[in-house]
$ cat coords01.txt   # compact mmCIF, C-alpha atoms
# COMPACT_ATOMS: atom_id res chain seq x y z
CA MET A 230 38.31 -62.71 -7.95
CA THR A 231 40.50 -59.72 -7.47
CA VAL A 232 39.17 -56.84 -5.60
CA VAL A 233 40.18 -53.55 -7.08
CA ALA A 234 40.04 -50.71 -4.68
CA SER A 235 38.74 -47.98 -6.83
CA THR A 236 38.32 -44.43 -5.70
CA PRO A 237 34.86 -43.08 -6.23
CA PRO A 238 34.55 -40.57 -9.06
CA PRO A 239 34.99 -36.98 -7.97
CA ARG A 240 31.81 -35.19 -7.13
CA LEU A 241 30.58 -32.79 -9.73
CA PRO A 242 30.97 -29.20 -8.64
CA VAL A 243 27.82 -27.74 -7.18
CA ARG A 244 27.45 -24.04 -6.66
CA ASP A 245 26.55 -23.45 -3.06
CA ARG A 246 23.85 -20.85 -3.45
CA ALA A 247 22.78 -20.83 0.16
CA ALA A 248 26.24 -19.95 1.40
CA SER A 249 26.59 -16.76 -0.62
CA PRO A 250 23.22 -15.22 -1.37
CA THR A 251 24.73 -11.98 -2.63
CA ARG A 252 26.88 -13.76 -5.20
CA ALA A 253 24.14 -15.78 -6.77
CA PRO A 254 24.34 -16.12 -10.54
CA GLY A 255 23.07 -13.34 -12.72
CA VAL A 256 24.06 -10.41 -10.57
CA SER A 257 27.05 -8.29 -11.47
CA PRO A 258 30.40 -9.45 -9.98
CA MET A 259 31.76 -6.07 -11.09
CA LEU A 260 29.29 -4.34 -8.80
CA THR A 261 30.39 -6.50 -5.87
CA ARG A 262 34.01 -5.56 -6.56
CA LEU A 263 33.16 -1.86 -6.78
CA ALA A 264 31.35 -2.11 -3.45
CA GLU A 265 34.41 -3.74 -1.86
CA GLU A 266 36.71 -0.96 -3.03
CA ARG A 267 34.13 1.67 -1.95
CA ALA A 268 34.10 3.20 -5.42
CA THR A 269 32.31 6.40 -6.43
CA GLY A 270 31.12 6.85 -10.00
CA VAL A 271 28.70 5.54 -12.60
CA LEU A 272 28.24 1.91 -13.68
CA GLU A 273 26.70 1.68 -17.15
CA ARG A 274 25.07 -1.60 -18.06
CA GLU A 275 23.04 -2.67 -21.06
CA HIS A 276 19.63 -1.94 -19.53
CA GLY A 277 20.42 0.87 -17.13
CA THR A 278 22.82 2.87 -15.03
CA LEU A 279 23.76 2.63 -11.36
CA HIS A 280 25.32 5.57 -9.52
CA LEU A 281 27.66 4.63 -6.69
CA ALA A 282 29.01 6.68 -3.81
CA GLU A 283 31.55 5.13 -1.43
CA GLY A 284 30.55 1.68 -2.68
CA ARG A 285 26.84 2.09 -2.09
CA VAL A 286 24.18 2.52 -4.75
CA VAL A 287 22.67 5.99 -4.42
CA HIS A 288 20.71 6.39 -7.65
CA ALA A 289 19.64 4.28 -10.63
CA GLU A 290 18.14 4.92 -14.03
CA SER A 291 16.83 2.65 -16.75
CA PRO A 292 14.99 3.22 -20.02
CA LEU A 293 12.65 0.43 -18.89
CA ALA A 294 11.81 1.97 -15.50
CA THR A 295 9.88 5.00 -14.27
CA SER A 296 12.21 7.86 -13.31
CA LEU A 297 12.17 9.73 -10.01
CA ALA A 298 11.12 12.84 -11.94
CA THR A 299 8.05 11.06 -13.32
CA LEU A 300 7.11 9.66 -9.90
CA LEU A 301 7.27 13.11 -8.32
CA THR A 302 5.68 15.15 -11.10
CA ARG A 303 2.93 12.87 -12.41
CA HIS A 304 0.53 13.38 -9.54
CA GLY A 305 0.94 17.11 -9.16
CA GLY A 306 3.24 17.02 -6.15
CA LEU A 307 5.88 18.88 -8.11
CA ASP A 308 5.79 20.67 -11.46
CA GLY A 309 8.15 19.70 -14.26
CA ALA A 310 9.89 23.08 -14.42
CA ALA A 311 10.75 22.94 -10.71
CA TRP A 312 12.24 19.46 -11.17
CA ARG A 313 14.38 20.53 -14.13
CA GLU A 314 15.60 23.57 -12.23
CA ALA A 315 16.65 21.39 -9.28
CA GLU A 316 18.28 18.84 -11.59
CA ASP A 317 20.19 21.47 -13.59
CA ARG A 318 21.62 22.98 -10.45
CA ALA A 319 22.02 19.59 -8.74
CA ASP A 320 20.26 21.11 -5.76
CA GLU A 321 18.28 18.82 -3.49
CA GLY A 322 17.23 21.80 -1.36
CA ARG A 323 15.36 23.26 -4.32
CA LEU A 324 13.10 20.19 -4.43
CA LEU A 325 12.34 20.60 -0.75
CA ARG A 326 11.53 24.28 -1.24
CA HIS A 327 9.02 23.33 -3.94
CA GLY A 328 6.91 21.35 -1.52
CA VAL A 329 8.51 17.89 -1.71
CA THR A 330 8.94 16.81 1.90
CA PRO A 331 12.09 14.87 2.89
CA GLY A 332 9.94 11.80 3.61
CA VAL A 333 8.29 11.83 0.19
CA LEU A 334 11.64 12.46 -1.53
CA GLU A 335 13.19 9.47 0.26
CA LEU A 336 10.21 7.17 -0.46
CA ALA A 337 10.14 8.16 -4.11
CA GLN A 338 13.92 7.95 -4.53
CA ALA A 339 14.03 4.50 -2.90
CA SER A 340 11.15 3.29 -5.11
CA ALA A 341 12.81 4.64 -8.27
CA LEU A 342 16.19 3.21 -7.26
CA TYR A 343 15.01 -0.37 -6.71
CA ASP A 344 12.80 -0.09 -9.80
CA ALA A 345 15.60 0.98 -12.16
CA ALA A 346 18.10 -1.42 -10.55
CA TYR A 347 15.80 -4.37 -11.27
CA PHE A 348 16.17 -3.65 -14.99
CA ALA A 349 19.77 -2.42 -14.87
CA LEU A 350 20.86 -5.66 -13.17
CA ALA A 351 19.00 -7.89 -15.62
CA PRO A 352 21.26 -10.37 -17.42
CA SER A 353 23.01 -8.53 -20.25
CA SER A 354 24.86 -9.46 -23.40
CA THR A 355 27.49 -6.74 -23.12
CA PRO A 356 29.93 -6.05 -20.27
CA GLY A 357 29.28 -3.12 -17.96
CA ARG A 358 31.50 -0.02 -17.90
CA PHE A 359 32.43 1.94 -14.81
CA ARG A 360 33.49 5.58 -14.83
CA TYR A 361 35.01 6.89 -11.63
CA GLY A 362 33.76 10.36 -10.79
CA GLY A 363 31.78 12.52 -8.44
CA ALA A 364 28.74 11.37 -6.51
CA HIS A 365 25.20 11.86 -7.84
CA TRP A 366 23.45 15.00 -6.60
CA LEU A 367 20.85 12.92 -4.72
CA ALA A 368 23.50 10.63 -3.20
CA GLY A 369 22.49 11.47 0.36
CA VAL A 370 18.78 10.68 0.06
CA HIS A 371 18.64 6.88 0.33
CA PRO A 372 21.93 4.98 -0.20
CA VAL A 373 21.51 1.21 -0.52
CA PRO A 374 24.25 -1.38 0.15
CA VAL A 375 25.09 -3.41 -2.97
CA GLY A 376 24.33 -6.73 -1.25
CA ALA A 377 20.83 -5.60 -0.26
CA LEU A 378 20.11 -4.32 -3.77
CA GLU A 379 21.25 -7.55 -5.41
CA GLN A 380 19.24 -9.63 -2.98
CA GLU A 381 16.12 -7.56 -3.61
CA THR A 382 16.62 -7.80 -7.37
CA LEU A 383 16.81 -11.59 -7.13
CA ARG A 384 13.73 -11.66 -4.91
CA ARG A 385 11.84 -9.60 -7.50
CA ARG A 386 12.95 -11.92 -10.29
CA ALA A 387 11.56 -14.87 -8.33
CA LEU A 388 8.32 -13.05 -7.46
CA LEU A 389 6.99 -12.53 -11.00
CA PRO A 390 6.90 -16.17 -12.16
CA ARG A 391 5.15 -17.12 -8.93
CA ILE A 392 2.24 -14.86 -9.98
CA TRP A 393 2.14 -15.98 -13.63
CA PRO A 394 4.90 -17.92 -15.38
CA ASP A 395 4.82 -16.30 -18.82
CA PRO A 396 7.17 -13.25 -18.99
CA ALA A 397 5.70 -12.02 -22.30
CA THR A 398 3.59 -9.29 -20.67
CA ASP A 399 6.75 -7.66 -19.28
CA GLY A 400 7.94 -6.21 -22.58
CA ALA A 401 5.42 -6.73 -25.38
CA PRO A 402 2.58 -4.45 -26.52
CA LEU A 403 -0.52 -5.64 -24.69
CA VAL A 404 -4.09 -6.45 -25.63
CA ARG A 405 -7.18 -6.97 -23.49
CA ALA A 406 -8.57 -10.44 -23.51
CA ASP A 407 -12.14 -9.83 -22.24
CA PRO A 408 -13.13 -13.27 -21.00
CA VAL A 409 -16.78 -14.18 -20.70
CA ALA A 410 -17.00 -14.04 -16.93
CA ALA A 411 -14.45 -11.36 -16.03
CA PRO A 412 -13.41 -11.38 -12.36
CA ALA A 413 -13.63 -8.16 -10.33
CA VAL A 414 -10.43 -6.15 -10.71
CA PRO A 415 -8.94 -4.18 -7.77
CA SER A 416 -8.68 -0.44 -8.49
CA ARG A 417 -4.91 -0.26 -9.01
CA GLN A 418 -5.00 -3.12 -11.49
CA ALA A 419 -8.06 -1.57 -13.13
CA ALA A 420 -6.06 1.61 -13.83
CA VAL A 421 -3.46 -0.52 -15.61
CA LEU A 422 -6.10 -2.51 -17.48
CA ALA A 423 -7.80 0.67 -18.70
CA ARG A 424 -4.59 1.65 -20.51
CA VAL A 425 -4.09 -1.65 -22.32
CA ASP A 426 -4.83 -0.79 -25.96
CA GLY A 427 -2.80 -3.04 -28.23
CA VAL A 428 0.04 -0.49 -28.47
CA ARG A 429 1.23 0.40 -24.97
CA ARG A 430 3.79 -1.75 -23.20
CA ALA A 431 4.22 -2.18 -19.43
CA VAL A 432 6.75 0.65 -19.22
CA ASP A 433 4.46 3.06 -21.12
CA ILE A 434 1.58 2.33 -18.78
CA ALA A 435 3.80 2.70 -15.71
CA ARG A 436 4.98 6.15 -16.81
CA GLU A 437 1.48 7.35 -17.64
CA LEU A 438 0.32 6.31 -14.20
CA GLY A 439 3.46 7.63 -12.50
CA ARG A 440 4.13 4.27 -10.88
CA PRO A 441 7.27 2.15 -10.65
CA ALA A 442 7.59 -0.08 -13.72
CA PHE A 443 8.13 -3.21 -11.64
CA HIS A 444 4.80 -2.59 -9.86
CA THR A 445 3.15 -2.47 -13.26
CA LEU A 446 4.81 -5.78 -14.19
CA VAL A 447 3.32 -7.28 -11.02
CA HIS A 448 -0.14 -5.91 -11.84
CA LEU A 449 0.08 -7.13 -15.43
CA ARG A 450 1.09 -10.63 -14.35
CA ARG A 451 -1.95 -10.72 -12.06
CA LEU A 452 -4.15 -9.50 -14.92
CA ALA A 453 -2.63 -12.11 -17.23
CA ALA A 454 -3.26 -14.80 -14.60
CA ALA A 455 -6.89 -13.66 -14.44
CA GLY A 456 -7.11 -13.97 -18.23
CA LEU A 457 -7.70 -10.24 -18.76
CA VAL A 458 -4.51 -9.25 -20.56
CA SER A 459 -2.23 -10.97 -23.02
CA PRO A 460 0.77 -9.92 -25.11
CA ARG A 461 -0.20 -8.79 -28.60
CA PRO A 462 0.21 -11.77 -30.89
CA ALA A 463 2.87 -11.55 -33.60
CA PRO A 464 1.64 -10.35 -37.03
CA ALA A 465 -0.55 -12.97 -38.69
CA ARG A 466 1.18 -15.53 -40.87
CA ASP A 467 -0.41 -17.97 -43.30
CA ARG A 468 -2.65 -19.71 -40.86
CA PRO A 469 -6.30 -20.61 -40.67
CA PRO A 470 -8.43 -17.81 -39.22
CA ASP A 471 -7.94 -17.36 -35.53
CA THR A 472 -10.71 -18.72 -33.37
CA GLY A 473 -9.75 -16.42 -30.50
CA THR A 474 -13.34 -15.31 -29.97
CA ASP A 475 -14.34 -18.71 -28.56
CA PRO A 476 -13.80 -18.42 -24.80
CA TYR A 477 -12.86 -22.08 -24.45
CA VAL A 478 -10.22 -21.85 -27.13
CA ALA A 479 -8.86 -18.70 -25.50
CA LEU A 480 -8.73 -20.47 -22.14
CA LEU A 481 -7.00 -23.52 -23.59
CA LYS A 482 -4.45 -21.26 -25.27
CA ARG A 483 -3.66 -19.56 -22.03
CA VAL A 484 -3.23 -22.88 -20.29
CA ARG A 485 -0.93 -24.03 -23.09
CA ASP A 486 1.10 -20.82 -22.94
CA ALA A 487 1.43 -21.10 -19.20
CA LEU A 488 2.56 -24.73 -19.41
CA GLU A 489 5.11 -23.85 -22.07
CA ALA A 490 6.45 -21.04 -19.98
CA LEU A 491 6.95 -23.26 -16.90
CA MET B 128 10.95 13.75 11.53
CA PRO B 129 12.64 13.83 8.13
CA GLY B 130 13.08 10.31 6.83
CA ILE B 131 12.28 6.60 6.91
CA ASP B 132 14.83 5.68 9.59
CA GLU B 133 13.77 8.47 11.94
CA CYS B 134 10.15 7.42 11.52
CA LEU B 135 10.96 3.80 12.35
CA LEU B 136 13.11 4.74 15.33
CA GLU B 137 10.26 6.81 16.70
CA THR B 138 7.92 3.85 16.22
CA MET B 139 10.25 1.78 18.39
CA ARG B 140 9.77 4.23 21.26
CA LEU B 141 6.21 2.99 21.69
CA PRO B 142 5.88 0.82 24.82
CA GLY B 143 6.15 -2.87 23.92
CA ALA B 144 7.51 -2.28 20.40
CA ARG B 145 9.60 -5.28 19.31
CA GLY B 146 10.23 -4.49 15.67
CA ALA B 147 9.09 -2.17 12.92
CA ALA B 148 9.41 -1.84 9.17
CA LEU B 149 8.31 0.31 6.27
CA VAL B 150 7.13 -2.05 3.54
CA ASP B 151 5.97 -1.69 -0.06
CA TRP B 152 2.92 -3.90 -0.49
CA THR B 153 3.11 -4.28 -4.26
CA SER B 154 6.68 -5.57 -4.40
CA GLY B 155 7.08 -6.86 -0.82
CA LEU B 156 10.23 -4.76 -0.34
CA ALA B 157 11.20 -3.60 3.16
CA LEU B 158 12.36 0.01 2.62
CA GLY B 159 13.57 0.15 6.20
CA THR B 160 13.64 -2.13 9.24
CA VAL B 161 14.45 -1.71 12.90
CA GLY B 162 14.42 -3.95 15.99
CA GLU B 163 13.68 -7.66 16.03
CA PRO B 164 12.31 -9.37 12.92
CA PRO B 165 8.99 -11.20 13.43
CA GLY B 166 9.55 -14.85 12.48
CA GLY B 167 13.33 -14.41 12.52
CA ASP B 168 13.87 -12.62 9.20
CA HIS B 169 12.92 -9.05 8.23
CA GLU B 170 12.79 -9.76 4.51
CA THR B 171 10.42 -12.69 4.83
CA ALA B 172 8.28 -10.92 7.41
CA ALA B 173 7.97 -7.90 5.10
CA ALA B 174 6.96 -10.03 2.12
CA GLU B 175 4.35 -11.88 4.16
CA ALA B 176 2.94 -8.70 5.72
CA ALA B 177 2.83 -7.17 2.23
CA GLU B 178 0.65 -10.02 1.05
CA LEU B 179 -1.77 -9.42 3.94
CA ALA B 180 -1.79 -5.66 3.31
CA ARG B 181 -2.50 -6.15 -0.38
CA LEU B 182 -5.47 -8.39 0.31
CA ALA B 183 -6.89 -5.89 2.79
CA ALA B 184 -6.34 -2.95 0.45
CA GLU B 185 -7.87 -4.58 -2.60
CA GLN B 186 -11.12 -5.96 -1.21
CA ARG B 187 -14.12 -3.70 -1.70
CA ALA B 188 -15.91 -5.14 1.33
CA PHE B 189 -13.39 -3.51 3.70
CA GLY B 190 -13.88 0.06 2.42
CA PRO B 191 -16.01 2.73 4.14
CA GLU B 192 -19.68 3.10 3.25
CA ASP B 193 -20.14 6.81 3.90
CA GLY B 194 -20.57 7.63 0.21
CA ALA B 195 -17.55 9.96 0.13
CA GLU B 196 -14.85 9.59 -2.50
CA PRO B 197 -12.98 6.39 -1.57
CA ALA B 198 -9.39 6.85 -0.47
CA ASP B 199 -6.61 4.77 -2.01
CA PRO B 200 -6.32 2.36 -0.33
CA PRO B 201 -9.76 2.50 1.34
CA VAL B 202 -8.36 0.80 4.46
CA GLU B 203 -6.46 2.67 7.21
CA ASP B 204 -4.87 -0.18 9.08
CA VAL B 205 -4.85 -3.92 9.64
CA ILE B 206 -4.58 -5.31 13.17
CA LEU B 207 -3.67 -8.90 13.85
CA SER B 208 -3.27 -10.46 17.27
CA ASN B 209 -1.91 -13.70 18.67
CA ARG B 210 -1.22 -15.07 22.15
CA ASP B 211 1.80 -12.88 22.83
CA SER B 212 1.83 -10.05 20.30
CA TYR B 213 0.04 -7.65 18.01
CA HIS B 214 0.93 -6.90 14.41
CA VAL B 215 -0.27 -3.50 13.24
CA LEU B 216 -0.08 -2.48 9.59
CA ARG B 217 -0.74 1.19 8.89
CA PHE B 218 -1.13 2.37 5.29
CA VAL B 219 0.82 5.51 4.41
CA PRO B 220 -1.04 7.84 2.02
CA THR B 221 1.45 9.65 -0.24
CA SER B 222 1.20 12.47 -2.76
CA PHE B 223 2.66 10.20 -5.44
CA ASP B 224 1.39 6.76 -6.43
CA SER B 225 3.13 4.55 -3.88
CA SER B 226 1.97 1.50 -1.94
CA VAL B 227 3.71 1.58 1.43
CA PHE B 228 2.67 0.78 4.99
CA LEU B 229 4.21 1.01 8.43
CA TYR B 230 4.47 -2.36 10.12
CA LEU B 231 4.75 -2.57 13.91
CA TRP B 232 5.29 -5.73 15.93
CA LEU B 233 4.11 -5.13 19.48
CA ALA B 234 4.51 -7.32 22.58
CA ARG B 235 1.11 -7.96 24.07
CA SER B 236 2.27 -7.89 27.69
CA ASP B 237 3.42 -4.27 27.69
CA GLY B 238 2.03 -2.87 24.46
CA ASN B 239 -0.99 -0.57 24.26
CA LEU B 240 -2.85 -1.32 21.06
CA ALA B 241 -5.04 1.79 21.07
CA LEU B 242 -2.07 4.07 21.65
CA ALA B 243 0.01 2.29 19.02
CA ARG B 244 -2.76 2.64 16.46
CA ILE B 245 -3.10 6.39 17.03
CA ARG B 246 0.67 6.98 17.02
CA LEU B 247 1.22 4.94 13.86
CA GLY B 248 -1.41 7.05 12.12
CA GLU B 249 0.33 10.24 13.21
CA MET B 250 3.72 8.94 12.14
CA ALA B 251 2.46 7.83 8.74
CA GLU B 252 1.11 11.32 8.20
CA ARG B 253 4.26 13.07 9.37
CA LEU B 254 6.51 10.88 7.24
CA VAL B 255 4.74 12.25 4.18
CA LEU B 256 3.78 15.76 5.24
CA GLY B 257 7.08 16.53 6.98
$ encode --input "coords01.txt" --output "structure tokens"
Amino acid sequence: MTVVASTPPPRLPVRDRAASPTRAPGVSPMLTRLAEERATGVLEREHGTLHLAEGRVVHAESPLATSLATLLTRHGGLDGAAWREAEDRADEGRLLRHGVTPGVLELAQASALYDAAYFALAPSSTPGRFRYGGAHWLAGVHPVPVGALEQETLRRRALLPRIWPDPATDGAPLVRADPVAAPAVPSRQAAVLARVDGVRRAVDIARELGRPAFHTLVHLRRLAAAGLVSPRPAPARDRPPDTGTDPYVALLKRVRDALEAL
Amino acid sequence: MPGIDECLLETMRLPGARGAALVDWTSGLALGTVGEPPGGDHETAAAEAAELARLAAEQRAFGPEDGAEPADPPVEDVILSNRDSYHVLRFVPTSFDSSVFLYLWLARSDGNLALARIRLGEMAERLVLG
């Protein structure tokens, strides 16, 4: 018997996620590069826009998020005309003169920034575009390092499925489910639940309440987990009449949906 | 005291302060951190404290019973103690719909819990009112 000394097959490549948390998959390599070269300008991605100054993210906007203007004006802290005036003149001082304290401006700007960045950094089907240019007028309020923003975005992505695995409530029009024995709903979730009407989506509800959109996604996942909210079903096809009124059938459907979404 | 960092730095001037953070209790995000992280990591500590804050803020049983219009959240602070330290979570009421709290980690040997509680309340107010 001849013994053939064979070399073991090469190990399959494994991405070492632990070693480079800021370069985990799904987050923009372009953004990392822009941070390294300390770029200033605007990065446009499919679901939102990031404003950079000296390589740090200073402002973010997304059609799926609640804007800083909405956060500040919705609850009467600032009136819409005063905001537009400040924005037109790119004058932060004007906001402060209209009663927005520096602390509130920073809290609101940070909330809006992380909120919009969550959507802007979502996986996209088109490449991002960067335009070099001047810094955003609110660049000094709360700049965030790119690594910290990417890490937080990944943490947020992981948080939602831990509450409820089905992502359908994030984007679809929502309906109330009204189970037989409804659990008590905390007041902030109740405000969200009260606006679920078969038409509004998470982002619509967030803007009406003047809350960050991601917070509303969290509340909606909790409501979905409690069986109180579900995405509006697709238009009826040729199927036997829906037995959705039977609480046991509704429960079984939710269990099925959750298992499928795992 | 204009911003988040100044507020946290002032928190650290309390006797016995080991670490402090400003945390959003809906998302678990630490908007600012200073000093040592409890448990070795600021991000994890913030997420765990956020979970505790959320539970305290959402339970009706912990609200006041004076019949007045309930505040949002109805709770002012959460105090947790162990053999060598206190953890104090102070909710920050804001003019817009936010969900943030100040989180102070205090050494038990040289910290003064009553003083820390009063100061945190003042700082939470000043952060928002300027």
$ interface_residues --input "coords01.txt" --of "chain A" --to "chain B" --cutoff "10 Å" --atoms "all atoms listed in the file" --output "ChimeraX atom specification"
/A:299-307,328-337,339-340,343-344,370-371,373,380-382,384-385,388-389,413-418,438-441,443-448
$ write_last_selection --input "coords01.txt" --atoms "C-alpha atoms" --output "compact mmCIF listing (two decimals), in the coordinates of the input"
# COMPACT_ATOMS: atom_id res chain seq x y z
CA THR A 299 8.05 11.06 -13.32
CA LEU A 300 7.11 9.66 -9.90
CA LEU A 301 7.27 13.11 -8.32
CA THR A 302 5.68 15.15 -11.10
CA ARG A 303 2.93 12.87 -12.41
CA HIS A 304 0.53 13.38 -9.54
CA GLY A 305 0.94 17.11 -9.16
CA GLY A 306 3.24 17.02 -6.15
CA LEU A 307 5.88 18.88 -8.11
CA GLY A 328 6.91 21.35 -1.52
CA VAL A 329 8.51 17.89 -1.71
CA THR A 330 8.94 16.81 1.90
CA PRO A 331 12.09 14.87 2.89
CA GLY A 332 9.94 11.80 3.61
CA VAL A 333 8.29 11.83 0.19
CA LEU A 334 11.64 12.46 -1.53
CA GLU A 335 13.19 9.47 0.26
CA LEU A 336 10.21 7.17 -0.46
CA ALA A 337 10.14 8.16 -4.11
CA ALA A 339 14.03 4.50 -2.90
CA SER A 340 11.15 3.29 -5.11
CA TYR A 343 15.01 -0.37 -6.71
CA ASP A 344 12.80 -0.09 -9.80
CA VAL A 370 18.78 10.68 0.06
CA HIS A 371 18.64 6.88 0.33
CA VAL A 373 21.51 1.21 -0.52
CA GLN A 380 19.24 -9.63 -2.98
CA GLU A 381 16.12 -7.56 -3.61
CA THR A 382 16.62 -7.80 -7.37
CA ARG A 384 13.73 -11.66 -4.91
CA ARG A 385 11.84 -9.60 -7.50
CA LEU A 388 8.32 -13.05 -7.46
CA LEU A 389 6.99 -12.53 -11.00
CA ALA A 413 -13.63 -8.16 -10.33
CA VAL A 414 -10.43 -6.15 -10.71
CA PRO A 415 -8.94 -4.18 -7.77
CA SER A 416 -8.68 -0.44 -8.49
CA ARG A 417 -4.91 -0.26 -9.01
CA GLN A 418 -5.00 -3.12 -11.49
CA LEU A 438 0.32 6.31 -14.20
CA GLY A 439 3.46 7.63 -12.50
CA ARG A 440 4.13 4.27 -10.88
CA PRO A 441 7.27 2.15 -10.65
CA PHE A 443 8.13 -3.21 -11.64
CA HIS A 444 4.80 -2.59 -9.86
CA THR A 445 3.15 -2.47 -13.26
CA LEU A 446 4.81 -5.78 -14.19
CA VAL A 447 3.32 -7.28 -11.02
CA HIS A 448 -0.14 -5.91 -11.84
$ atom_distance --input "coords01.txt" --atom1 "CA of Tyr477 in chain A" --atom2 "CA of Ile434 in chain A"
28.9 Å
$ residues_around --input "coords01.txt" --residues "Ala455 in chain A" --least-positions-apart "3" --cutoff "9 Å" --atoms "only C-alpha atoms" --output "list in words"
Ala411, Pro412, Arg450, Arg451, Leu452 and Val458 of chain A
$ atom_distance --input "coords01.txt" --atom1 "CA of Ala289 in chain A" --atom2 "CA of Ala346 in chain A"
5.9 Å
$ atom_distance --input "coords01.txt" --atom1 "CA of Leu383 in chain A" --atom2 "CA of Ser296 in chain A"
20.9 Å
$ residues_around --input "coords01.txt" --residues "range 396-405 of chain A" --least-positions-apart "2" --cutoff "6 Å" --atoms "only C-alpha atoms" --output "ChimeraX atom specification"
/A:407,425-430,446,457-461
$ residues_around --input "coords01.txt" --residues "Asp204 in chain B" --least-positions-apart "6" --cutoff "9 Å" --atoms "all atoms listed in the file" --output "list of chain:residue names"
B:Ala180, B:Ala183, B:Val215, B:Leu216, B:Arg217, B:Phe218, B:Phe228, B:Arg244, B:Gly248
$ closest_residue --input "coords01.txt" --among "A:Ala298, A:Ala420, A:Ile392, A:Ala435" --to "Ala453 in chain A" --atoms "only C-alpha atoms"
A:Ile392
$ residues_around --input "coords01.txt" --residues "range 269-271 of chain A" --least-positions-apart "2" --cutoff "6 Å" --atoms "all atoms listed in the file" --output "MDAnalysis selection string"
chainID A and resid 279:283 359:363
$ axis_aligned_box --input "coords01.txt" --around "range 221-228 of chain B" --padding-each-side "4 Å" --output "AutoDock Vina command-line options"
--center_x 2.5 --center_y 6.6 --center_z -0.7 --size_x 10.5 --size_y 19.7 --size_z 19.4
$ closest_residue --input "coords01.txt" --among "A:Ala264, A:Leu272, A:Ala490, A:Val287" --to "Arg391 in chain A" --atoms "all atoms listed in the file"
A:Ala490
$ decode --input "coords01.txt" --residues "range 370-410 of chain A" --atoms "C-alpha atoms" --output "PDB file, in the first residue's frame"
ATOM      1  CA  VAL A 370     -24.249  70.731  15.497  1.00  0.00           C
ATOM      2  CA  HIS A 371     -23.494  67.025  15.929  1.00  0.00           C
ATOM      3  CA  PRO A 372     -20.870  65.499  13.595  1.00  0.00           C
ATOM      4  CA  VAL A 373     -20.687  61.696  13.734  1.00  0.00           C
ATOM      5  CA  PRO A 374     -17.659  59.593  12.702  1.00  0.00           C
ATOM      6  CA  VAL A 375     -18.453  57.274   9.787  1.00  0.00           C
ATOM      7  CA  GLY A 376     -17.429  54.156  11.738  1.00  0.00           C
ATOM      8  CA  ALA A 377     -19.809  54.966  14.591  1.00  0.00           C
ATOM      9  CA  LEU A 378     -22.673  55.636  12.185  1.00  0.00           C
ATOM     10  CA  GLU A 379     -22.148  52.381  10.307  1.00  0.00           C
ATOM     11  CA  GLN A 380     -21.917  50.424  13.537  1.00  0.00           C
ATOM     12  CA  GLU A 381     -25.125  51.971  14.844  1.00  0.00           C
ATOM     13  CA  THR A 382     -26.903  51.275  11.551  1.00  0.00           C
ATOM     14  CA  LEU A 383     -25.903  47.607  11.764  1.00  0.00           C
ATOM     15  CA  ARG A 384     -27.008  47.461  15.394  1.00  0.00           C
ATOM     16  CA  ARG A 385     -30.400  48.882  14.397  1.00  0.00           C
ATOM     17  CA  ARG A 386     -30.743  46.355  11.588  1.00  0.00           C
ATOM     18  CA  ALA A 387     -30.139  43.556  14.100  1.00  0.00           C
ATOM     19  CA  LEU A 388     -32.516  45.059  16.682  1.00  0.00           C
ATOM     20  CA  LEU A 389     -35.738  44.909  14.647  1.00  0.00           C
ATOM     21  CA  PRO A 390     -35.814  41.154  13.906  1.00  0.00           C
ATOM     22  CA  ARG A 391     -35.122  40.450  17.573  1.00  0.00           C
ATOM     23  CA  ILE A 392     -38.445  42.156  18.408  1.00  0.00           C
ATOM     24  CA  TRP A 393     -40.463  40.534  15.601  1.00  0.00           C
ATOM     25  CA  PRO A 394     -38.961  38.728  12.612  1.00  0.00           C
ATOM     26  CA  ASP A 395     -41.346  39.831   9.859  1.00  0.00           C
ATOM     27  CA  PRO A 396     -40.162  43.093   8.197  1.00  0.00           C
ATOM     28  CA  ALA A 397     -43.497  43.653   6.408  1.00  0.00           C
ATOM     29  CA  THR A 398     -44.704  46.295   8.880  1.00  0.00           C
ATOM     30  CA  ASP A 399     -41.701  48.496   8.015  1.00  0.00           C
ATOM     31  CA  GLY A 400     -42.967  49.599   4.619  1.00  0.00           C
ATOM     32  CA  ALA A 401     -46.506  48.378   3.923  1.00  0.00           C
ATOM     33  CA  PRO A 402     -49.837  50.106   4.655  1.00  0.00           C
ATOM     34  CA  LEU A 403     -50.981  48.803   8.024  1.00  0.00           C
ATOM     35  CA  VAL A 404     -54.193  47.423   9.462  1.00  0.00           C
ATOM     36  CA  ARG A 405     -55.269  46.826  13.050  1.00  0.00           C
ATOM     37  CA  ALA A 406     -55.731  43.236  13.997  1.00  0.00           C
ATOM     38  CA  ASP A 407     -57.909  43.562  17.135  1.00  0.00           C
ATOM     39  CA  PRO A 408     -57.327  40.237  18.847  1.00  0.00           C
ATOM     40  CA  VAL A 409     -59.857  38.921  21.327  1.00  0.00           C
ATOM     41  CA  ALA A 410     -57.836  39.569  24.458  1.00  0.00           C
TER      42      ALA A 410
END
